[in-house]
Amino acid sequence: MSQWVVLAVNSISFGGLLFLLSAGFSLIFGLMRIPNLTHGSFFMLGAYIGVTALRLGLDFWSAALLSGLAMAALGGMIERFLLRRLQGQELPQVLLTLGLSFMIADLSLMEWTGDPISVNTPAGLRGVMPVLGFGFRIYRLAIALIAVAIAAGLWVMLDWTRLGAMIRAGVDDAPIARVMGIRVSRLFTTVFCLGAGLAGFAGMLGAPILSVYPGLDADMLPLALIVVILGGTGSLLGALAGSFIIGILYNFGPALFPELAYVVLFLPMLLVLVLRPQGLFGRQSL
Amino acid sequence: MRRSALALTVLALVTLPYWIGGPYYTNIASQILIWAIFALGLNVLVGYGGLVSLGHAGLFGTASYAAAWLVAAGAGQLAGGLGALALTLLMSALYAALALRATGIGFLMITLALGQILWGIAYRWISLTNGDNGINLSTRPMPLGWSLATPGAFYIATLVVFGLAVSAMASFVASPFGASLRGTRDQPRRMTALGYDVWLIRFLAFLFSGFWTGIAGLLFCYYNQFVSPHLVALSSSAEVLLMVISGGSGTLLGPIAGAALVVIMKNVASAYIERWNLVLGAIFVAIIVLMPEGLVPGSQRIWRWAWRVRDLPTAEIAR
Amino acid sequence: MIALEARALSKSFGGLRVSADVSFAIEAGERRLIIGPNGAGKTTLFNLITGELKPDSGSVHLFGRDITAVPSMRRAHHGLARTYQIITLFPKDTLLHNVTLALLGASPLRWNPMVRLANQLAVLRQAREALTRVGLGNLADRPLGETSYGERRRVEIAMALAQRPKVLLLDEPLAGLSIPERHEVRDLLLAIPRDTTIVMIEHDMDVALDFAERITLLHFGEVIVEGTRAEVVGDPRTREVYLGA
């Protein structure tokens with residue numbers, strides 16, 4: 001029984017991490033129509049930068065924040081100097097992000113070598129909290145809480161601020177938004193920074209659980225993809241729902257169907273594609 | 001291409017094992033041919049159909065794995081090869097049925113996802129695919145009794161298949177169906193209004209693409225005599241797409257040039273340059289930003305510009 | 001004999017009603033003009049007739065046969081052809097290739113992956129003839145990118161005519177053309193034989209009124225006036241629609 005409880009907690013925490021990763025991906029795709037294939041790289045590179053920060057003496061939370069900011073900066077530069085040059089050309093933009101992910105992967109390999117790096121759970125959140133006779137790992141609960149808090153923050157931003165209104169307008173109809181005077185180019189850069197920053201932060205946040213290793217980017221990217229297809233592009237609620245569904249499948253799948261684990265993961269996405277192409281909560285069709 | 005240039009090229013290709021400088025390079029030539037067939041297959045969809053797939057390594061891997069698995073299970077080489085091709089065609093049909101629910105970026109994402117599912121099966125369904133340990137192919141086939149054990153012999157066999165592939169592609173491109181496919185790439189709405197069944201055209205093109213991708217996968221299985229999940233990974237799909245894009249989609253020469261570029265970099269350059277992934281990614285980024293139409297059309301453009309600059313004075317004199 | 005009939009066609013996008021209960025009947029061989037201010041729903045009506053849009057309610061009939069459920073690609077085989085308001089040709093190809101594609105749409109040859117298109121002399125000859133009929137015979141081998149706007153408009157018409165349609169829908173065929181070009185196109189259209197029924201959307205009243213036998217006036221997706229040229233021109237509601245009186 002306790003095994004299932006552990007899996008449930010892991011599902012929620014992994015779902016939280018996935019949400020932080022996918023929310024950015026979903027906004028970028030919804031607004032800019034680019035499936036950002038560098039997104040997994042932001043996650044991994046953020047974690048690596050966090051590791052270096054830790055080695056330089058920073059505490060965990062400062063390192064995580066630094067990761068987020070560093071990736072936001074990198075994302076901003078990529079959008080401003082490379083993606084914007086290709087504005088309107090969807091395919092070259094996607095392929096550009098693919099090429100960049102190759103480069104980031106190799107540069108990371110050069111800098112941090114091929115050995116997986118483990119990161120200690122931050123002080124104060126270590127250990128286990130006994131609830132109802134079960135032991136819940138505190139850090140995993142913390143991740144889930146942080147994710148929900150950020151989700152709430154994003155929701156407030158989207159629904160209550162001007163920036164959020166502009167993003168929603170852009171997601172609904174970018175050309176019209178432009179005509180109405182919204183500085184769409186600046187918006188693109190902002191959203192790309194936001195998405196990259198969230199991914200980087202999530203990477204460091206997840207490091208105590210997942211470790212940091214070459215290939216982390218390729219492991220996380222498809223998951224973001226599934227979440228967004230499942231939940232619907234440009235939808236925060238969809239990203240949330242999708243993340244937790246995938247979190248559950250990712251953790252329970254290998255326990256229940258060890259050999260078909262990966263298939264189980266993708267099956268709901270395929271079903272959604274066939275039956276409801278815009279995703280569970282999406283506004284635009286794929 | 002002018003006849004003399006073509007004849008010279010064919011001659012050079014046929015005699016390659018004798019002048020290339022050793023079995024290592026002959027093997028690289030075989031690899032280039034295999035990936036050129038793969039890239040040509042993908043180009044049917046990308047260049048001529050306007051449908052970009054990031055999951056074609058799944059089809060390539062299906063053929064490779066199926067052949068290795070069938071032969072390891074006791075089937076003869078011919079049965080293994082035919083079975084693998086049949087399975088690949090079925091998989092292509094499945095790919096098409098799902099991916100054609102969308103176009104453009106949606107199509108790309110669905111094919112990416114499908115490729116990942118197949119990778120997951122290769123990696124995790126250990127009882128079927130042996131996971132990371134892969135499957136060995138004990139011997140290469142012996143078509144009509146000829147042994148393909150040596151690099152030279154294998155190269156010639158691959159060259160023959162490559163020749164067939166190129167002529168099939170040329171035929172396809174010049175045919176009415178090829179024109180229909182290109183029409184759906186440029187103006188799908190208009191094509192529908194003209195009476196074309198756009199979905200069916202794309203579906204059939206997908207099968208044609210899948211067939212040649214499967215042939216390439218078979219050849220790889222016979223070449224490498226070992227298949228592993230890496231074959232089916234996202235990076236493999238990305239590499240072959242890179243070959244098509246860098247060489248210039250929508251041409252026949254482009255994918256071949258792209259395949260040569262990528263394979264040579266991967267094998268030869270990596271001995272001198274340590275981080276080939278980085279270099280490859282950088283070349284990719286550079287090509288996208290500087291020559292969005294790809295290497296072959298891009299270099300043609302530069303060539304034409306160079307000639308025009310050269311011709312200017314003479315044009316003035318002629319007047 | 002009624003060539004094309006619409007019965008209570010309605011279509012809405014969200015709260016916006018683009019076609020409201022549109023009904024009309026066009027006789028075989030007739031020259032019908034559809035007019036109305038911008039946003040009246042004229043092109044939407046064409047899209048409903050060709051099947052590119054599905055109506056919320058109502059039906060479309062071609063020579064007595066209900067084609068409302070027939071997919072768009074089949075309607076071409078039933079003799080329906082159209083041109084577009086915004087030129088949608090194949091920009092990377094020659095004029096000849098553009099018209100050839102139009103011809104192949106009706107031919108089983110379009111599925112053949114093995115023969116050379118360049119060797120299909122019959123089809124290519126027909127394509128050349130279609131171009132010659134619109135006065136572009138000498139430009140047949142020119143890439144589309146190297147032709148003028150007026151020439152491209154004529155290619156559109158050549159493509160539509162090459163299909164030997166029974167009903168031809170022309171969506172603003174004169175848009176963007178100079179005066180002499182308009183006269184050229186008008187003469188072209190006048191020369192089309194009566195076994196093709198023509199329905200035209202047009203704003204250029206000089207040419208269009210000349211050409212039309214019956215006129216249907218649309219406004220906000222509804223049929224306001226319909227009748228002969230004289231009837232519609234003289235009707236006070238026409239003036240109201242255009243001058244907002």
# chains A, B, ... in the order shown; residues from 1 in each chain; ligands from 1

$ select_by_dssp --residues "region 13-242 of chain C" --states "helix (DSSP H, G or I)" --output "NGL selection string"
:C and (42-50 or 72-77 or 95-104 or 108-111 or 117-119 or 121-133 or 137-139 or 144-146 or 149-162 or 179-190 or 205-211 or 229-234 or 236-242)

$ residues_around --residues "region 206-214 of chain A" --least-positions-apart "4" --cutoff "6 Å" --atoms "only C-alpha atoms" --output "ChimeraX atom specification"
/A:116-121,202

$ residues_around --residues "Phe42 (chain A)" --least-positions-apart "4" --cutoff "10 Å" --atoms "only C-alpha atoms" --output "count of residues only"
26

$ atom_distance --atom1 "CA of Leu217 (chain C)" --atom2 "CA of Thr238 (chain C)"
7.5 Å

$ closest_atom_pairs --of "chain A" --to "chain B" --cutoff "6 Å" --atoms "only C-alpha atoms" --output "JSON lines"
{"residue": "A:Leu96", "atom": "CA", "partner": "B:Val285", "partner_atom": "CA", "distance": 5.5}
{"residue": "A:Gly99", "atom": "CA", "partner": "B:Gly281", "partner_atom": "CA", "distance": 4.4}
{"residue": "A:Phe102", "atom": "CA", "partner": "B:Gly281", "partner_atom": "CA", "distance": 5.2}
{"residue": "A:Met103", "atom": "CA", "partner": "B:Leu278", "partner_atom": "CA", "distance": 4.4}
{"residue": "A:Asp106", "atom": "CA", "partner": "B:Leu278", "partner_atom": "CA", "distance": 5.4}
{"residue": "A:Glu259", "atom": "CA", "partner": "B:Trp125", "partner_atom": "CA", "distance": 4.3}
{"residue": "A:Tyr262", "atom": "CA", "partner": "B:Gly120", "partner_atom": "CA", "distance": 5.0}
{"residue": "A:Val263", "atom": "CA", "partner": "B:Ile117", "partner_atom": "CA", "distance": 5.7}
{"residue": "A:Leu286", "atom": "CA", "partner": "B:Gly106", "partner_atom": "CA", "distance": 4.8}

$ interface_residues --of "chain C" --to "chain B" --cutoff "7 Å" --atoms "only C-alpha atoms" --output "ChimeraX atom specification"
/C:72-74,76-77,88,90,102,105-106,109-117

$ residues_around --residues "Val6 (chain A)" --least-positions-apart "5" --cutoff "12 Å" --atoms "only C-alpha atoms" --output "MDAnalysis selection string"
chainID A and resid 1 11:14 128 134:138 140:141 248 251:252 255

$ residues_around --residues "region 154-165 of chain B" --least-positions-apart "4" --cutoff "9 Å" --atoms "only C-alpha atoms" --output "MDAnalysis selection string"
chainID B and resid 13:14 16:17 26:27 29:31 33:34 36:37 40:41 143 147:150 169:170 212 215 219 222:223

$ write_last_selection --atoms "N, CA and C atoms" --output "PDB file, in the first residue's frame"
ATOM      1  N   LEU B  13      31.477   6.362 -59.136  1.00  0.00           N
ATOM      2  CA  LEU B  13      30.776   5.645 -58.071  1.00  0.00           C
ATOM      3  C   LEU B  13      30.993   4.138 -58.157  1.00  0.00           C
ATOM      4  N   VAL B  14      30.936   3.609 -59.371  1.00  0.00           N
ATOM      5  CA  VAL B  14      31.054   2.157 -59.530  1.00  0.00           C
ATOM      6  C   VAL B  14      32.454   1.672 -59.188  1.00  0.00           C
ATOM      7  N   LEU B  16      34.474   3.123 -57.129  1.00  0.00           N
ATOM      8  CA  LEU B  16      34.882   3.747 -55.867  1.00  0.00           C
ATOM      9  C   LEU B  16      35.782   2.898 -54.968  1.00  0.00           C
ATOM     10  N   PRO B  17      35.429   1.614 -54.730  1.00  0.00           N
ATOM     11  CA  PRO B  17      36.259   0.838 -53.800  1.00  0.00           C
ATOM     12  C   PRO B  17      37.732   0.794 -54.211  1.00  0.00           C
ATOM     13  N   THR B  26      35.424   3.028 -47.880  1.00  0.00           N
ATOM     14  CA  THR B  26      34.359   2.356 -48.622  1.00  0.00           C
ATOM     15  C   THR B  26      33.118   2.242 -47.750  1.00  0.00           C
ATOM     16  N   ASN B  27      33.348   1.910 -46.480  1.00  0.00           N
ATOM     17  CA  ASN B  27      32.214   1.818 -45.572  1.00  0.00           C
ATOM     18  C   ASN B  27      31.505   3.141 -45.398  1.00  0.00           C
ATOM     19  N   ALA B  29      31.337   5.413 -47.607  1.00  0.00           N
ATOM     20  CA  ALA B  29      30.566   5.603 -48.833  1.00  0.00           C
ATOM     21  C   ALA B  29      29.249   4.833 -48.754  1.00  0.00           C
ATOM     22  N   SER B  30      29.309   3.602 -48.232  1.00  0.00           N
ATOM     23  CA  SER B  30      28.074   2.831 -48.076  1.00  0.00           C
ATOM     24  C   SER B  30      27.105   3.553 -47.159  1.00  0.00           C
ATOM     25  N   GLN B  31      27.640   4.076 -46.063  1.00  0.00           N
ATOM     26  CA  GLN B  31      26.776   4.809 -45.133  1.00  0.00           C
ATOM     27  C   GLN B  31      26.125   5.999 -45.821  1.00  0.00           C
ATOM     28  N   LEU B  33      25.403   6.339 -48.907  1.00  0.00           N
ATOM     29  CA  LEU B  33      24.347   5.883 -49.803  1.00  0.00           C
ATOM     30  C   LEU B  33      23.094   5.493 -49.027  1.00  0.00           C
ATOM     31  N   ILE B  34      23.294   4.794 -47.904  1.00  0.00           N
ATOM     32  CA  ILE B  34      22.140   4.372 -47.112  1.00  0.00           C
ATOM     33  C   ILE B  34      21.363   5.594 -46.620  1.00  0.00           C
ATOM     34  N   ALA B  36      21.490   8.538 -47.855  1.00  0.00           N
ATOM     35  CA  ALA B  36      20.936   9.286 -48.982  1.00  0.00           C
ATOM     36  C   ALA B  36      19.577   8.720 -49.364  1.00  0.00           C
ATOM     37  N   ILE B  37      19.442   7.403 -49.344  1.00  0.00           N
ATOM     38  CA  ILE B  37      18.149   6.795 -49.652  1.00  0.00           C
ATOM     39  C   ILE B  37      17.125   7.212 -48.603  1.00  0.00           C
ATOM     40  N   LEU B  40      16.230  10.822 -49.237  1.00  0.00           N
ATOM     41  CA  LEU B  40      15.372  10.933 -50.418  1.00  0.00           C
ATOM     42  C   LEU B  40      13.948  10.525 -50.055  1.00  0.00           C
ATOM     43  N   GLY B  41      13.831   9.463 -49.252  1.00  0.00           N
ATOM     44  CA  GLY B  41      12.508   9.024 -48.821  1.00  0.00           C
ATOM     45  C   GLY B  41      11.804  10.101 -48.015  1.00  0.00           C
ATOM     46  N   PRO B 143      22.301 -12.126 -51.709  1.00  0.00           N
ATOM     47  CA  PRO B 143      21.369 -12.072 -52.833  1.00  0.00           C
ATOM     48  C   PRO B 143      21.933 -12.812 -54.045  1.00  0.00           C
ATOM     49  N   SER B 147      28.177 -12.977 -52.016  1.00  0.00           N
ATOM     50  CA  SER B 147      28.457 -12.646 -50.635  1.00  0.00           C
ATOM     51  C   SER B 147      28.640 -11.144 -50.472  1.00  0.00           C
ATOM     52  N   LEU B 148      28.060 -10.611 -49.412  1.00  0.00           N
ATOM     53  CA  LEU B 148      28.198  -9.173 -49.157  1.00  0.00           C
ATOM     54  C   LEU B 148      29.095  -8.921 -47.955  1.00  0.00           C
ATOM     55  N   ALA B 149      29.898  -9.923 -47.625  1.00  0.00           N
ATOM     56  CA  ALA B 149      30.670  -9.819 -46.393  1.00  0.00           C
ATOM     57  C   ALA B 149      31.742  -8.743 -46.446  1.00  0.00           C
ATOM     58  N   THR B 150      32.323  -8.501 -47.617  1.00  0.00           N
ATOM     59  CA  THR B 150      33.388  -7.499 -47.690  1.00  0.00           C
ATOM     60  C   THR B 150      32.812  -6.105 -47.902  1.00  0.00           C
ATOM     61  N   MET B 169      12.716   7.816 -57.623  1.00  0.00           N
ATOM     62  CA  MET B 169      12.410   9.188 -57.212  1.00  0.00           C
ATOM     63  C   MET B 169      12.250  10.098 -58.423  1.00  0.00           C
ATOM     64  N   ALA B 170      13.178   9.973 -59.365  1.00  0.00           N
ATOM     65  CA  ALA B 170      13.119  10.831 -60.545  1.00  0.00           C
ATOM     66  C   ALA B 170      11.813  10.599 -61.296  1.00  0.00           C
ATOM     67  N   TRP B 212      10.695   3.624 -49.079  1.00  0.00           N
ATOM     68  CA  TRP B 212      12.121   3.846 -49.289  1.00  0.00           C
ATOM     69  C   TRP B 212      12.866   4.044 -47.973  1.00  0.00           C
ATOM     70  N   ILE B 215      13.538   0.608 -46.941  1.00  0.00           N
ATOM     71  CA  ILE B 215      14.659   0.033 -47.700  1.00  0.00           C
ATOM     72  C   ILE B 215      15.980   0.486 -47.066  1.00  0.00           C
ATOM     73  N   LEU B 219      18.901  -1.833 -45.361  1.00  0.00           N
ATOM     74  CA  LEU B 219      20.309  -1.762 -45.741  1.00  0.00           C
ATOM     75  C   LEU B 219      21.179  -1.499 -44.525  1.00  0.00           C
ATOM     76  N   TYR B 222      21.662  -4.632 -42.490  1.00  0.00           N
ATOM     77  CA  TYR B 222      22.637  -5.522 -43.106  1.00  0.00           C
ATOM     78  C   TYR B 222      24.039  -4.956 -42.999  1.00  0.00           C
ATOM     79  N   TYR B 223      24.162  -3.659 -43.068  1.00  0.00           N
ATOM     80  CA  TYR B 223      25.483  -3.015 -42.996  1.00  0.00           C
ATOM     81  C   TYR B 223      26.083  -3.163 -41.601  1.00  0.00           C
TER      82      TYR B 223
END

$ residues_around --residues "Glu172 (chain C)" --least-positions-apart "6" --cutoff "12 Å" --atoms "only C-alpha atoms" --output "list in words"
Leu33, Ile34, Ile35, Gly36, Asn38, Lys42, Thr43, Phe46, Arg82, Thr83, Tyr84, Gln85, Ile86, Ile87, Arg153, Glu156, Ile157, Arg182, Val185, Arg186, Val199, Met200, Ile201, Glu202, His203, Asp204, Met205, Val207 and Ala208 of chain C

$ residues_around --residues "Leu267 (chain A)" --least-positions-apart "5" --cutoff "12 Å" --atoms "only C-alpha atoms" --output "PyMOL selection string"
(chain A and resi 226-227+229-230+245-246+249-250+253+260-262+272-274) or (chain B and resi 113-114+116-118)

$ atom_distance --atom1 "CA of Ala69 (chain C)" --atom2 "CA of Ser12 (chain C)"
18.1 Å

$ atom_distance --atom1 "CA of Ala122 (chain C)" --atom2 "CA of Val134 (chain C)"
19.0 Å

$ select_by_dssp --residues "region 129-269 of chain A" --states "strand (DSSP E)" --output "VMD selection string"
chain A and resid 129 to 131 134 to 137

$ write_last_selection --atoms "C-alpha atoms" --output "mmCIF file, in the first residue's frame"
data_model
loop_
_atom_site.group_PDB
_atom_site.id
_atom_site.type_symbol
_atom_site.label_atom_id
_atom_site.label_comp_id
_atom_site.auth_asym_id
_atom_site.auth_seq_id
_atom_site.Cartn_x
_atom_site.Cartn_y
_atom_site.Cartn_z
ATOM 1 C CA MET A 129 6.787 13.875 7.113
ATOM 2 C CA PRO A 130 4.538 11.320 8.735
ATOM 3 C CA VAL A 131 0.875 11.739 7.769
ATOM 4 C CA PHE A 134 2.532 7.099 5.744
ATOM 5 C CA GLY A 135 5.833 8.875 5.253
ATOM 6 C CA PHE A 136 5.687 11.648 2.660
ATOM 7 C CA ARG A 137 8.970 13.012 1.417
#

$ closest_atom_pairs --of "region 154-255 of chain A" --to "region 25-34 of chain A" --cutoff "6 Å" --atoms "only C-alpha atoms" --output "tab-separated table"
residue	atom	partner	partner_atom	distance
A:Gly170	CA	A:Leu31	CA	5.7
A:Val171	CA	A:Leu31	CA	4.3
A:Val228	CA	A:Ser26	CA	5.8
A:Thr233	CA	A:Gly30	CA	5.2
A:Gly234	CA	A:Gly30	CA	4.2

$ write_last_selection --atoms "C-alpha atoms" --output "CSV table (one decimal), in the first residue's frame"
chain,number,residue,atom,x,y,z
A,170,GLY,CA,-2.0,37.1,-29.1
A,171,VAL,CA,-2.8,33.5,-28.5
A,228,VAL,CA,0.6,20.4,-24.4
A,233,THR,CA,-2.1,24.7,-26.6
A,234,GLY,CA,-2.1,28.1,-24.9
